[in-house]
file model23.cif (mmCIF, C-alpha atoms and all ligand atoms)
data_coords
#
loop_
_atom_site.group_PDB
_atom_site.id
_atom_site.type_symbol
_atom_site.label_atom_id
_atom_site.label_comp_id
_atom_site.auth_asym_id
_atom_site.auth_seq_id
_atom_site.Cartn_x
_atom_site.Cartn_y
_atom_site.Cartn_z
ATOM 1 C CA MET A 19 92.553 88.236 90.835
ATOM 2 C CA ILE A 20 91.208 84.865 92.033
ATOM 3 C CA TRP A 21 93.527 82.862 89.800
ATOM 4 C CA GLU A 22 96.451 84.956 91.072
ATOM 5 C CA PHE A 23 95.570 84.006 94.667
ATOM 6 C CA LEU A 24 95.488 80.361 93.576
ATOM 7 C CA LEU A 25 98.790 80.698 91.703
ATOM 8 C CA GLY A 26 100.331 82.252 94.845
ATOM 9 C CA LEU A 27 98.996 79.379 96.929
ATOM 10 C CA GLY A 28 100.312 76.761 94.501
ATOM 11 C CA LEU A 29 103.783 78.223 93.903
ATOM 12 C CA GLY A 30 104.143 79.311 97.548
ATOM 13 C CA ALA A 31 103.264 75.808 98.751
ATOM 14 C CA LEU A 32 105.715 74.289 96.263
ATOM 15 C CA VAL A 33 108.616 76.498 97.408
ATOM 16 C CA ALA A 34 107.647 76.053 101.082
ATOM 17 C CA ALA A 35 107.553 72.258 100.727
ATOM 18 C CA LEU A 36 110.903 72.263 98.911
ATOM 19 C CA GLY A 37 112.455 74.478 101.608
ATOM 20 C CA TYR A 38 110.973 72.420 104.419
ATOM 21 C CA PHE A 39 112.094 69.042 103.093
ATOM 22 C CA LEU A 40 115.567 70.294 102.115
ATOM 23 C CA GLY A 41 115.975 71.874 105.561
ATOM 24 C CA TRP A 42 116.128 75.629 104.747
ATOM 25 C CA LEU A 43 112.753 76.382 106.307
ATOM 26 C CA ALA A 44 111.285 75.374 109.657
ATOM 27 C CA LEU A 45 107.559 74.521 109.605
ATOM 28 C CA SER A 46 106.640 78.034 110.810
ATOM 29 C CA GLY A 47 108.916 79.539 108.143
ATOM 30 C CA ALA A 48 107.290 77.414 105.444
ATOM 31 C CA LEU A 49 103.819 78.578 106.559
ATOM 32 C CA VAL A 50 104.849 82.250 106.414
ATOM 33 C CA VAL A 51 106.186 81.700 102.868
ATOM 34 C CA VAL A 52 102.784 80.293 101.787
ATOM 35 C CA VAL A 53 100.768 83.133 103.389
ATOM 36 C CA ALA A 54 103.109 85.870 102.078
ATOM 37 C CA SER A 55 103.046 84.288 98.629
ATOM 38 C CA VAL A 56 99.223 84.255 98.510
ATOM 39 C CA LEU A 57 99.184 87.959 99.491
ATOM 40 C CA ASN A 58 102.003 88.933 97.095
ATOM 41 C CA PHE A 59 100.431 87.198 94.084
ATOM 42 C CA GLY A 60 96.851 88.143 95.006
ATOM 43 C CA PHE A 61 97.342 91.846 95.750
ATOM 44 C CA GLY A 62 100.412 92.575 93.611
ATOM 45 C CA GLY A 63 100.046 90.164 90.676
ATOM 46 C CA TRP A 64 102.300 87.312 89.565
ATOM 47 C CA TRP A 65 105.121 89.712 88.613
ATOM 48 C CA TRP A 66 105.270 90.923 92.250
ATOM 49 C CA GLY A 67 104.786 87.475 93.757
ATOM 50 C CA ALA A 68 107.552 85.685 91.854
ATOM 51 C CA LEU A 69 110.431 87.839 93.141
ATOM 52 C CA PRO A 70 110.245 86.917 96.884
ATOM 53 C CA LEU A 71 110.122 83.235 95.869
ATOM 54 C CA LEU A 72 113.375 83.733 93.926
ATOM 55 C CA PHE A 73 114.869 85.143 97.145
ATOM 56 C CA ILE A 74 113.785 82.073 99.152
ATOM 57 C CA VAL A 75 114.937 79.509 96.561
ATOM 58 C CA SER A 76 118.293 81.151 95.741
ATOM 59 C CA THR A 77 119.153 81.614 99.425
ATOM 60 C CA GLY A 78 118.159 78.013 100.152
ATOM 61 C CA LEU A 79 120.392 76.738 97.362
ATOM 62 C CA TRP A 80 123.361 78.757 98.668
ATOM 63 C CA SER A 81 122.786 77.391 102.169
ATOM 64 C CA ARG A 82 123.287 73.879 100.739
ATOM 65 C CA TYR A 83 126.515 74.925 99.020
ATOM 66 C CA ARG A 84 129.432 73.397 100.979
ATOM 67 C CA SER A 85 127.161 73.134 104.008
ATOM 68 C CA GLY A 86 129.376 70.514 105.627
ATOM 69 C CA GLN A 87 132.204 73.032 105.801
ATOM 70 C CA LYS A 88 129.934 75.711 107.304
ATOM 71 C CA TRP A 89 128.410 73.687 110.140
ATOM 72 C CA SER A 90 131.320 74.125 112.503
ATOM 73 C CA ILE A 91 131.574 77.884 111.926
ATOM 74 C CA SER A 92 128.498 79.404 113.569
ATOM 75 C CA ASP A 93 125.037 78.574 114.877
ATOM 76 C CA ARG A 94 123.599 80.323 111.850
ATOM 77 C CA PHE A 95 124.920 77.499 109.664
ATOM 78 C CA SER A 96 124.247 74.576 112.007
ATOM 79 C CA ALA A 97 122.168 71.615 110.903
ATOM 80 C CA ASP A 98 119.062 72.942 112.676
ATOM 81 C CA ALA A 99 119.362 76.525 111.366
ATOM 82 C CA ALA A 100 116.194 76.294 109.239
ATOM 83 C CA ARG A 101 114.516 79.703 109.051
ATOM 84 C CA THR A 102 111.591 80.186 111.423
ATOM 85 C CA GLY A 103 108.407 82.143 110.719
ATOM 86 C CA VAL A 104 109.707 85.228 112.543
ATOM 87 C CA GLN A 105 112.963 85.130 110.567
ATOM 88 C CA VAL A 106 111.123 84.834 107.237
ATOM 89 C CA LEU A 107 108.744 87.640 108.268
ATOM 90 C CA ALA A 108 111.715 89.880 109.123
ATOM 91 C CA THR A 109 113.093 89.471 105.594
ATOM 92 C CA MET A 110 109.892 89.460 103.480
ATOM 93 C CA GLY A 111 107.569 91.466 105.750
ATOM 94 C CA TRP A 112 108.353 94.972 104.535
ATOM 95 C CA ALA A 113 108.112 93.989 100.858
ATOM 96 C CA THR A 114 104.728 92.340 101.540
ATOM 97 C CA ILE A 115 103.438 95.524 103.228
ATOM 98 C CA LEU A 116 104.395 97.453 100.059
ATOM 99 C CA VAL A 117 102.345 94.977 97.990
ATOM 100 C CA PHE A 118 99.236 95.957 99.984
ATOM 101 C CA VAL A 119 99.690 99.586 98.910
ATOM 102 C CA GLN A 120 99.953 98.545 95.263
ATOM 103 C CA PRO A 121 96.264 98.030 94.236
ATOM 104 C CA GLY A 122 95.467 101.668 95.033
ATOM 105 C CA LEU A 123 98.333 102.954 92.923
ATOM 106 C CA ALA A 124 97.950 100.606 89.912
ATOM 107 C CA ASN A 125 101.461 99.522 88.905
ATOM 108 C CA ASP A 126 103.280 102.567 90.249
ATOM 109 C CA SER A 127 106.888 102.310 89.030
ATOM 110 C CA ILE A 128 108.456 104.010 92.065
ATOM 111 C CA LEU A 129 106.572 101.764 94.502
ATOM 112 C CA TYR A 130 107.693 98.736 92.492
ATOM 113 C CA ALA A 131 111.297 100.006 92.738
ATOM 114 C CA ALA A 132 110.908 100.144 96.543
ATOM 115 C CA PHE A 133 109.607 96.568 96.548
ATOM 116 C CA VAL A 134 112.489 95.335 94.366
ATOM 117 C CA GLY A 135 114.961 97.269 96.561
ATOM 118 C CA ALA A 136 113.637 95.521 99.694
ATOM 119 C CA ILE A 137 113.961 92.057 98.137
ATOM 120 C CA ALA A 138 117.388 92.962 96.663
ATOM 121 C CA THR A 139 118.638 93.930 100.133
ATOM 122 C CA VAL A 140 117.604 90.722 101.898
ATOM 123 C CA THR A 141 118.824 88.607 98.965
ATOM 124 C CA GLY A 142 122.210 90.372 98.914
ATOM 125 C CA ASP A 143 122.534 90.018 102.676
ATOM 126 C CA ALA A 144 121.593 86.323 102.655
ATOM 127 C CA TRP A 145 123.979 85.519 99.777
ATOM 128 C CA ALA A 146 126.749 87.508 101.493
ATOM 129 C CA THR A 147 126.183 85.518 104.689
ATOM 130 C CA GLN A 148 126.069 82.112 103.003
ATOM 131 C CA VAL A 149 128.968 82.682 100.591
ATOM 132 C CA GLY A 150 131.096 85.163 102.573
ATOM 133 C CA VAL A 151 131.496 82.719 105.447
ATOM 134 C CA LEU A 152 133.603 80.538 103.120
ATOM 135 C CA SER A 153 136.135 83.357 102.623
ATOM 136 C CA ALA A 154 139.703 82.078 103.059
ATOM 137 C CA ARG A 155 140.671 85.376 104.716
ATOM 138 C CA PRO A 156 138.927 86.106 108.020
ATOM 139 C CA PRO A 157 136.405 88.973 107.755
ATOM 140 C CA ARG A 158 136.689 92.328 109.539
ATOM 141 C CA MET A 159 134.167 94.019 111.807
ATOM 142 C CA MET A 160 132.601 96.901 109.942
ATOM 143 C CA THR A 161 132.935 99.370 112.834
ATOM 144 C CA THR A 162 136.304 98.474 114.396
ATOM 145 C CA HIS A 163 138.103 96.865 111.401
ATOM 146 C CA GLN A 164 139.261 94.068 113.719
ATOM 147 C CA ARG A 165 139.655 90.645 112.159
ATOM 148 C CA VAL A 166 137.032 88.287 113.622
ATOM 149 C CA PRO A 167 136.006 84.646 113.118
ATOM 150 C CA PRO A 168 133.780 83.977 110.056
ATOM 151 C CA GLY A 169 130.058 84.104 110.846
ATOM 152 C CA THR A 170 130.358 86.910 113.428
ATOM 153 C CA PRO A 171 127.390 89.335 113.125
ATOM 154 C CA GLY A 172 128.535 92.579 111.478
ATOM 155 C CA ALA A 173 131.648 91.072 109.897
ATOM 156 C CA VAL A 174 132.343 91.864 106.232
ATOM 157 C CA SER A 175 134.631 90.180 103.703
ATOM 158 C CA ALA A 176 135.485 90.934 100.074
ATOM 159 C CA LEU A 177 133.918 87.621 99.018
ATOM 160 C CA GLY A 178 130.721 88.498 100.918
ATOM 161 C CA MET A 179 130.509 91.895 99.200
ATOM 162 C CA VAL A 180 130.862 90.255 95.770
ATOM 163 C CA ALA A 181 128.082 87.804 96.668
ATOM 164 C CA CYS A 182 125.904 90.695 97.886
ATOM 165 C CA LEU A 183 126.460 92.610 94.628
ATOM 166 C CA ALA A 184 125.589 89.524 92.556
ATOM 167 C CA GLY A 185 122.373 88.933 94.535
ATOM 168 C CA THR A 186 121.181 92.537 94.259
ATOM 169 C CA TRP A 187 121.826 92.665 90.489
ATOM 170 C CA LEU A 188 120.016 89.367 89.948
ATOM 171 C CA ILE A 189 116.910 90.657 91.765
ATOM 172 C CA GLY A 190 117.006 93.998 89.895
ATOM 173 C CA ILE A 191 117.341 92.371 86.471
ATOM 174 C CA VAL A 192 114.693 89.705 87.124
ATOM 175 C CA GLY A 193 112.419 92.426 88.574
ATOM 176 C CA LEU A 194 112.759 94.378 85.329
ATOM 177 C CA ALA A 195 112.238 91.239 83.206
ATOM 178 C CA LEU A 196 109.020 90.429 85.112
ATOM 179 C CA VAL A 197 107.386 93.837 84.539
ATOM 180 C CA ALA A 198 108.554 93.861 80.932
ATOM 181 C CA LEU A 199 106.893 90.470 80.428
ATOM 182 C CA GLN A 200 103.734 91.629 82.201
ATOM 183 C CA GLY A 201 103.598 94.744 80.019
ATOM 184 C CA THR A 202 104.013 92.664 76.863
ATOM 185 C CA LEU A 203 101.349 90.137 77.864
ATOM 186 C CA THR A 204 98.658 92.614 78.872
ATOM 187 C CA GLU A 205 99.497 95.606 76.646
ATOM 188 C CA GLU A 206 98.047 97.807 79.362
ATOM 189 C CA GLY A 207 101.035 100.107 79.175
ATOM 190 C CA THR A 208 100.606 101.365 82.728
ATOM 191 C CA TRP A 209 104.324 101.085 83.496
ATOM 192 C CA ASP A 210 106.552 104.084 83.096
ATOM 193 C CA GLN A 211 109.269 102.458 80.986
ATOM 194 C CA ALA A 212 111.743 105.357 81.212
ATOM 195 C CA THR A 213 111.616 105.001 85.003
ATOM 196 C CA LEU A 214 111.905 101.212 85.069
ATOM 197 C CA THR A 215 115.048 101.270 82.891
ATOM 198 C CA TRP A 216 116.860 102.389 86.051
ATOM 199 C CA LEU A 217 115.478 99.533 88.142
ATOM 200 C CA PRO A 218 118.540 97.181 88.092
ATOM 201 C CA LEU A 219 120.935 100.015 89.016
ATOM 202 C CA GLY A 220 118.542 101.295 91.703
ATOM 203 C CA ALA A 221 118.145 97.776 93.146
ATOM 204 C CA ALA A 222 121.933 97.257 93.188
ATOM 205 C CA VAL A 223 122.657 100.579 94.926
ATOM 206 C CA GLY A 224 119.712 100.204 97.329
ATOM 207 C CA GLY A 225 120.628 96.581 98.013
ATOM 208 C CA ILE A 226 124.310 97.333 98.690
ATOM 209 C CA ILE A 227 123.466 100.247 101.002
ATOM 210 C CA GLY A 228 120.873 98.050 102.740
ATOM 211 C CA CYS A 229 123.532 95.355 103.222
ATOM 212 C CA LEU A 230 125.995 97.924 104.617
ATOM 213 C CA VAL A 231 123.326 99.123 107.079
ATOM 214 C CA ASP A 232 122.765 95.475 108.008
ATOM 215 C CA SER A 233 126.487 94.958 108.667
ATOM 216 C CA PHE A 234 126.796 98.275 110.518
ATOM 217 C CA LEU A 235 123.891 97.454 112.856
ATOM 218 C CA GLY A 236 125.166 93.890 113.228
ATOM 219 C CA SER A 237 128.559 95.239 114.183
ATOM 220 C CA ALA A 238 127.531 98.207 116.354
ATOM 221 C CA ALA A 239 124.145 97.450 117.896
ATOM 222 C CA GLN A 240 123.072 93.814 117.558
ATOM 223 C CA ALA A 241 122.961 91.772 120.751
ATOM 224 C CA VAL A 242 125.674 89.095 120.814
ATOM 225 C CA TYR A 243 126.044 86.472 123.527
ATOM 226 C CA TYR A 244 128.900 84.230 124.597
ATOM 227 C CA CYS A 245 128.406 80.610 125.606
ATOM 228 C CA PRO A 246 131.320 79.614 127.892
ATOM 229 C CA ARG A 247 130.390 75.936 127.668
ATOM 230 C CA CYS A 248 130.814 75.825 123.862
ATOM 231 C CA GLU A 249 133.341 78.713 123.771
ATOM 232 C CA LYS A 250 131.252 80.266 120.976
ATOM 233 C CA TYR A 251 129.644 83.622 120.200
ATOM 234 C CA THR A 252 125.949 83.374 119.360
ATOM 235 C CA GLU A 253 123.029 85.606 118.370
ATOM 236 C CA ARG A 254 120.681 83.764 120.702
ATOM 237 C CA PRO A 255 120.410 84.330 124.475
ATOM 238 C CA ASN A 256 119.473 80.662 124.872
ATOM 239 C CA HIS A 257 122.245 78.879 123.053
ATOM 240 C CA LEU A 258 121.357 75.244 123.622
ATOM 241 C CA PRO A 259 119.068 73.855 126.330
ATOM 242 C CA GLY A 260 120.776 74.338 129.676
ATOM 243 C CA HIS A 261 123.582 76.561 128.329
ATOM 244 C CA GLN A 262 123.982 79.803 130.289
ATOM 245 C CA THR A 263 125.143 82.630 128.019
ATOM 246 C CA GLU A 264 126.386 86.118 128.867
ATOM 247 C CA GLN A 265 125.649 89.178 126.752
ATOM 248 C CA VAL A 266 128.893 90.651 125.432
ATOM 249 C CA ARG A 267 127.627 93.558 123.315
ATOM 250 C CA GLY A 268 124.651 95.301 121.735
ATOM 251 C CA TRP A 269 121.096 96.025 122.834
ATOM 252 C CA PRO A 270 118.930 93.029 123.829
ATOM 253 C CA TRP A 271 116.064 94.136 121.550
ATOM 254 C CA MET A 272 118.362 94.550 118.517
ATOM 255 C CA THR A 273 118.046 90.980 117.284
ATOM 256 C CA ASN A 274 119.093 89.720 113.861
ATOM 257 C CA GLU A 275 115.408 89.977 112.819
ATOM 258 C CA VAL A 276 115.229 93.706 113.746
ATOM 259 C CA VAL A 277 118.486 94.281 111.819
ATOM 260 C CA ASN A 278 117.117 92.498 108.714
ATOM 261 C CA LEU A 279 113.809 94.385 108.808
ATOM 262 C CA THR A 280 115.544 97.759 109.237
ATOM 263 C CA SER A 281 117.971 97.132 106.374
ATOM 264 C CA SER A 282 115.120 96.089 104.030
ATOM 265 C CA VAL A 283 113.293 99.373 104.787
ATOM 266 C CA VAL A 284 116.491 101.355 104.051
ATOM 267 C CA GLY A 285 117.168 99.351 100.853
ATOM 268 C CA ALA A 286 113.619 100.031 99.619
ATOM 269 C CA ALA A 287 113.907 103.763 100.335
ATOM 270 C CA VAL A 288 117.293 104.122 98.612
ATOM 271 C CA ALA A 289 116.256 102.052 95.563
ATOM 272 C CA SER A 290 113.008 103.994 94.997
ATOM 273 C CA GLY A 291 114.707 107.358 95.651
ATOM 274 C CA MET A 292 117.535 106.516 93.272
ATOM 275 C CA VAL A 293 115.159 105.374 90.486
ATOM 276 C CA ALA A 294 112.979 108.487 90.928
ATOM 277 C CA LEU A 295 116.048 110.758 90.854
ATOM 278 C CA LEU A 296 117.645 109.158 87.774
ATOM 279 C CA ALA A 297 114.325 109.102 85.908
ATOM 280 C CA GLY A 298 113.822 112.783 86.777
ATOM 281 C CA ILE A 299 117.310 113.788 85.587
ATOM 282 C CA THR A 300 117.189 111.863 82.317
ATOM 283 C CA ARG A 301 113.608 112.727 81.359
HETATM 284 ZN ZN ZN B 1 126.508 76.464 124.186
#
call {"tool": "encode", "arguments": {"input": "model23.cif", "output": "structure tokens", "more": "lines below"}}
Ligand SMILES: [Zn+2]
result
Amino acid sequence: MIWEFLLGLGLGALVAALGYFLGWLALSGALVVVVASVLNFGFGGWWWGALPLLFIVSTGLWSRYRSGQKWSISDRFSADAARTGVQVLATMGWATILVFVQPGLANDSILYAAFVGAIATVTGDAWATQVGVLSARPPRMMTTHQRVPPGTPGAVSALGMVACLAGTWLIGIVGLALVALQGTLTEEGTWDQATLTWLPLGAAVGGIIGCLVDSFLGSAAQAVYYCPRCEKYTERPNHLPGHQTEQVRGWPWMTNEVVNLTSSVVGAAVASGMVALLAGITR
């Protein structure tokens, strides 16, 4: 276990430093990545710890993709939009809590499916946000079907859905590859292989439903503010220093972080339920 803590520290620090210097992570966000990585590797094992790092790196790479074009669209894509500690915690927090349950259950396949479902959801959502905003056709609000400017919370586009699907499948397949590798290396045989066969499908379905919940809450409940000075909609009550904003919809406590956390819990529940159901039917 000690070398797994050290591996988590080393790889977490590497990813955090990369994210910090390339501008995807604020200093607080980078610190949360290191701490979460130490816990994920130490309590879950390397096959649990590697998956959240794939989420951070892949999302960071997408945020660099055509970033010049995105800057003008929304605050979320502005030059200073590096993820803070609270934002990273909102995406990886639920999965890390699941890792703490893991030592008592010793490689429980259904719990692992919940963990993969949580990471699949936040990865799908982040890819959908970073890629979907480049859609040539303006997205629609999920609740009202109105066409809205790209980058509006709760807006969905066909391109964003494709990106979400790709992200969820990647996490599901890599999640399966990691446990398969772990099983081969240790020959412990504690994994229920018939159950884990369903992992990629469970992660995709859980991830997509998690993303839809994210868009629904973003569209129906998330607090959105308007800054008259910049003539822009924003997720933050304090747009820029000295800019007075007015709240135009949603509940003040329903921030983007609450939406992300909620959708990751739903994605985990659907993924684990789906894997348990399919394994039960086909057994
Ligand atoms: Zn402003």
call {"tool": "residues_near_ligand", "arguments": {"input": "model23.cif", "ligand": "ligand ZN 1 (chain B)", "cutoff": "10 Å", "atoms": "all atoms listed in the file", "output": "PyMOL selection string"}}
result
chain A and resi 93+244-252+254-263
call {"tool": "write_last_selection", "arguments": {"input": "model23.cif", "atoms": "C-alpha atoms", "output": "tab-separated table (two decimals), in the coordinates of the input"}}
result
chain	number	residue	atom	x	y	z
A	93	ASP	CA	125.04	78.57	114.88
A	244	TYR	CA	128.90	84.23	124.60
A	245	CYS	CA	128.41	80.61	125.61
A	246	PRO	CA	131.32	79.61	127.89
A	247	ARG	CA	130.39	75.94	127.67
A	248	CYS	CA	130.81	75.82	123.86
A	249	GLU	CA	133.34	78.71	123.77
A	250	LYS	CA	131.25	80.27	120.98
A	251	TYR	CA	129.64	83.62	120.20
A	252	THR	CA	125.95	83.37	119.36
A	254	ARG	CA	120.68	83.76	120.70
A	255	PRO	CA	120.41	84.33	124.48
A	256	ASN	CA	119.47	80.66	124.87
A	257	HIS	CA	122.24	78.88	123.05
A	258	LEU	CA	121.36	75.24	123.62
A	259	PRO	CA	119.07	73.86	126.33
A	260	GLY	CA	120.78	74.34	129.68
A	261	HIS	CA	123.58	76.56	128.33
A	262	GLN	CA	123.98	79.80	130.29
A	263	THR	CA	125.14	82.63	128.02
call {"tool": "residues_near_point", "arguments": {"input": "model23.cif", "point": "(110.8, 96.4, 99.4)", "cutoff": "9 Å", "atoms": "all atoms listed in the file", "output": "number ranges by chain"}}
result
A: 110-117, 129-139, 282-287, 289
call {"tool": "write_last_selection", "arguments": {"input": "model23.cif", "atoms": "C-alpha atoms", "output": "JSON list (two decimals), in the coordinates of the input"}}
result
[["chain", "number", "residue", "atom", "x", "y", "z"],
["A", 110, "MET", "CA", 109.89, 89.46, 103.48],
["A", 111, "GLY", "CA", 107.57, 91.47, 105.75],
["A", 112, "TRP", "CA", 108.35, 94.97, 104.54],
["A", 113, "ALA", "CA", 108.11, 93.99, 100.86],
["A", 114, "THR", "CA", 104.73, 92.34, 101.54],
["A", 115, "ILE", "CA", 103.44, 95.52, 103.23],
["A", 116, "LEU", "CA", 104.40, 97.45, 100.06],
["A", 117, "VAL", "CA", 102.34, 94.98, 97.99],
["A", 129, "LEU", "CA", 106.57, 101.76, 94.50],
["A", 130, "TYR", "CA", 107.69, 98.74, 92.49],
["A", 131, "ALA", "CA", 111.30, 100.01, 92.74],
["A", 132, "ALA", "CA", 110.91, 100.14, 96.54],
["A", 133, "PHE", "CA", 109.61, 96.57, 96.55],
["A", 134, "VAL", "CA", 112.49, 95.34, 94.37],
["A", 135, "GLY", "CA", 114.96, 97.27, 96.56],
["A", 136, "ALA", "CA", 113.64, 95.52, 99.69],
["A", 137, "ILE", "CA", 113.96, 92.06, 98.14],
["A", 138, "ALA", "CA", 117.39, 92.96, 96.66],
["A", 139, "THR", "CA", 118.64, 93.93, 100.13],
["A", 282, "SER", "CA", 115.12, 96.09, 104.03],
["A", 283, "VAL", "CA", 113.29, 99.37, 104.79],
["A", 284, "VAL", "CA", 116.49, 101.36, 104.05],
["A", 285, "GLY", "CA", 117.17, 99.35, 100.85],
["A", 286, "ALA", "CA", 113.62, 100.03, 99.62],
["A", 287, "ALA", "CA", 113.91, 103.76, 100.34],
["A", 289, "ALA", "CA", 116.26, 102.05, 95.56]]
call {"tool": "axis_aligned_box", "arguments": {"input": "model23.cif", "around": "segment 279-295 of chain A", "padding_each_side": "8 Å", "output": "AutoDock Vina command-line options"}}
result
--center_x 115.5 --center_y 102.6 --center_z 99.9 --size_x 21.0 --size_y 32.4 --size_z 34.8
call {"tool": "closest_residue", "arguments": {"input": "model23.cif", "among": "A:Ala238, A:Leu36, A:Val50, A:Val197", "to": "Ser127 of chain A", "atoms": "all atoms listed in the file"}}
result
A:Val197
call {"tool": "resolve_selection", "arguments": {"input": "model23.cif", "expression": "the PyMOL selection byres (((chain A and resi 167-174) around 7) and not hetatm)", "output": "list in words"}}
result
Ile91, Ser92, Val151, Pro156, Pro157, Arg158, Met159, Met160, Val166, Ser175, Ala176, Gly178, Ser233, Phe234, Leu235, Gly236 and Ser237 of chain A
call {"tool": "closest_residue", "arguments": {"input": "model23.cif", "among": "A:Glu264, A:Glu22, A:Asp126, A:Glu275", "to": "Trp209 of chain A", "atoms": "all atoms listed in the file"}}
result
A:Asp126
call {"tool": "closest_atom_pairs", "arguments": {"input": "model23.cif", "of": "segment 127-215 of chain A", "to": "segment 62-78 of chain A", "cutoff": "8 Å", "atoms": "all atoms listed in the file", "output": "Markdown table"}}
result
| residue | atom | partner | partner_atom | distance |
| --- | --- | --- | --- | --- |
| A:Val134 | CA | A:Leu69 | CA | 7.9 |
| A:Ile137 | CA | A:Pro70 | CA | 6.5 |
| A:Val140 | CA | A:Phe73 | CA | 7.8 |
| A:Thr141 | CA | A:Phe73 | CA | 5.6 |
| A:Ala144 | CA | A:Thr77 | CA | 6.2 |
| A:Trp145 | CA | A:Thr77 | CA | 6.2 |
| A:Gln148 | CA | A:Thr77 | CA | 7.8 |
| A:Ile189 | CA | A:Leu69 | CA | 7.2 |
| A:Val192 | CA | A:Leu69 | CA | 7.6 |
| A:Gly193 | CA | A:Leu69 | CA | 6.8 |
| A:Leu196 | CA | A:Trp65 | CA | 5.3 |
| A:Val197 | CA | A:Trp65 | CA | 6.2 |
| A:Gln200 | CA | A:Trp65 | CA | 6.8 |
call {"tool": "closest_residue", "arguments": {"input": "model23.cif", "among": "A:Gly103, A:Gly60, A:Gly41, A:Gly298", "to": "Phe23 of chain A", "atoms": "all atoms listed in the file"}}
result
A:Gly60
call {"tool": "closest_residue", "arguments": {"input": "model23.cif", "among": "A:Leu214, A:Cys229, A:Ala221, A:Leu152", "to": "Leu279 of chain A", "atoms": "all atoms listed in the file"}}
result
A:Cys229
call {"tool": "closest_residue", "arguments": {"input": "model23.cif", "among": "A:Thr300, A:Ser55, A:Thr280, A:Ser153", "to": "Ala212 of chain A", "atoms": "only C-alpha atoms"}}
result
A:Thr300
call {"tool": "atom_distance", "arguments": {"input": "model23.cif", "atom1": "atom CA of Leu40 of chain A", "atom2": "atom CA of Gly28 of chain A"}}
result
18.2 Å
